[in-house]
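**Q** I have a structure I would like to understand better, so I am pasting it below and will then ask my questions one at a time.
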Amino acid sequence: FLLIYKRSIQTDLTKPVRSLFTVTLQTQGWNLISISINAFSMKSWICNNKFSICLTMLHIYDFYLGLKSLGLLLSIIFQWTGDPADNAYVETSWNLLFIMSLPQLLNELTYIWIHFWNRRQNYINFNWIAHHNMSVFFLSFMSIPGIFFSFAHDKYWVFYPDGIRSAYVRAAVMMIPMATLLAINLPMVIRSANSHFVKCPEKLS
């Protein structure tokens with residue numbers, strides 16, 4: 001990823017990438033931290049009420065950062081006046097909206113609801129294996145947008161010397177692999193998520 005990013009990114013994208021990534025990559029970084037905690041914490045930790053509350057607060061903070069990122073991207077998109085000088089900003093904003101911002105917000109909402117439901121049900125039917133599998137997929141899925149973004153704008157390693165000229169083709173290079181990965185794993189994610197919401201039996205007095 002570093003090789004692709006350093007050697008192949010278009011010069012006219014350098015400024016918007018740095019500007020937008022200041023917010024979006026911070027958001028993604030916190031998101032990956034919270035997913036990692038879910039994926040690799042022991043069952044006894046996640047089922048600890050205090051630990052779960054702290055983790056939920058982290059997800060709420062991540063969701064707040066995600067809303068800030070979403071607001072930034074949408075403001076750039078809707079304030080565009082058609083000036084060709086701003087094309088790179090707008091294209092980058094559209095890309096990040098679909099490959100990073102919206103998935104991150106949906107991811108955070110899923111975890112907030114899962115932890116809320118599990119605390120409400122006192123973790124009686126908490127399925128750690130399903131939770132782990134779902135979290136590992138989310139971790140992988142949220143880690144790859146930057147790689148596909150840099151690959152789509154490559155002008156050195158693969159698409160030498162002119163790069164991909166069409167913005168639509170660049171978008172396809174980013175979206176199709178991620179959509180394919182999501183489609184393949186979606187049944188597993190749905191099964192894993194649903195396993196959290198099995199209604200618990202009446203608690204023993």
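Chain labels run A, B, ... following the order of the structure tokens; each chain numbers its residues from 1, and ligands are numbered from 1 in the order shown.
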Need to verify the contact set: Ile46 of chain A, 9 Å, only C-alpha atoms, exclusion of same-chain residues closer than 4 positions in sequence. Can you return it as a ChimeraX atom specification?
**A** /A:38,41-42,50-52,55,115,128
**Q** For Ile114 of chain A, please output as JSON, numbers by chain all residues within 10 Å (counting only C-alpha atoms; exclusion window: fewer than 4 positions along the same chain).
**A** {"A": [56, 108, 109, 110, 118, 119, 120, 126, 131, 193, 194, 195, 196, 197]}
**Q** Hey, which of A:Phe116, A:Lys43, A:Leu97, A:Ile76 ends up closest to Met57 of chain A? Count only C-alpha atoms.
**A** A:Phe116
**Q** Leaving out Arg165 of chain A and any residue of its chain fewer than 5 positions from it, which residues lie within 12 Å of it when counting only C-alpha atoms, given as a VMD selection string?
**A** chain A and resid 10 152 to 155 159 to 160 170 to 171
**Q** Write out as a ChimeraX atom specification which residues come within 8 Å of Thr27 of chain A when counting only C-alpha atoms, dropping same-chain ones fewer than 5 positions away.
**A** /A:62,65-66,69
**Q** So which residues of segment 21-181 of chain A fall under alpha helix (DSSP H) by DSSP, listed as JSON, numbers by chain?
**A** {"A": [21, 22, 23, 24, 25, 26, 27, 28, 29, 30, 31, 32, 33, 34, 35, 36, 37, 38, 39, 40, 43, 44, 45, 46, 49, 50, 51, 52, 53, 54, 55, 56, 57, 58, 59, 60, 61, 62, 63, 64, 65, 66, 67, 68, 69, 70, 71, 72, 73, 74, 75, 76, 77, 78, 87, 88, 89, 90, 91, 92, 93, 94, 95, 96, 102, 103, 104, 105, 106, 107, 108, 109, 110, 111, 112, 113, 114, 115, 116, 117, 118, 119, 120, 128, 129, 130, 131, 132, 133, 134, 135, 136, 137, 138, 139, 140, 141, 142, 143, 145, 146, 147, 148, 149, 150, 151, 152, 167, 168, 169, 170, 171, 172, 173, 174, 175, 176, 177, 178, 179, 180, 181]}
**Q** Near Met100 of chain A, within 8 Å and counting only C-alpha atoms, which residues show up once chain neighbours fewer than 3 positions away are dropped, as a PyMOL selection string?
**A** chain A and resi 24+28+95-97+103-104+142+145
**Q** Point out the residue among A:Leu32, A:Ile129, A:Leu139, A:Leu102 with the least atom-to-atom distance to Gly71 of chain A, counting only C-alpha atoms.
**A**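 Among the listed residues, A:Leu102 lies closest to Gly71 of chain A.
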**Q** When you draw a straight line from atom CA of Leu182 of chain A to atom CA of Tyr156 of chain A, how long is it in Å?
**A**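 It comes out at 28.6 Å.
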**Q** Determine the nearest neighbour of Ser166 of chain A from the options A:Asn127, A:Ser44, A:Ser101, A:Glu91, counting only C-alpha atoms.
**A**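 Ranking A:Asn127, A:Ser44, A:Ser101, A:Glu91 by distance to Ser166 of chain A, first place goes to A:Glu91.
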**Q** Mind pulling up the distance from atom CA of Trp113 of chain A to atom CA of Phe138 of chain A?
**A**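 Separation between atom CA of Phe138 of chain A and atom CA of Trp113 of chain A: 15.5 Å.
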**Q** Check the smallest atom-to-atom distance from each of A:Tyr61, A:Ile184, A:Val173, A:Ala167 to Gln26 of chain A using only C-alpha atoms, then report the winner.
**A** A:Tyr61
**Q** For Ser93 of chain A, find every residue with an atom within 8 Å (counting only C-alpha atoms), except residues of its own chain fewer than 5 positions away, and show them as a PyMOL selection string.
**A** chain A and resi 20+73-74+76-77
**Q** Find, counting only C-alpha atoms, the residue in A:Val169, A:Leu105, A:Ala130, A:Cys47 that gets nearest to Lys68 of chain A.
**A**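 For Lys68 of chain A, the nearest of the candidates is A:Leu105.
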**Q** Choose the residue, out of A:Ala179, A:Ala39, A:Ile190, A:Leu70, that has the smallest atom-to-atom separation from Val136 of chain A; count only C-alpha atoms.
**A**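 That would be A:Ala39, the residue with the smallest distance to Val136 of chain A.
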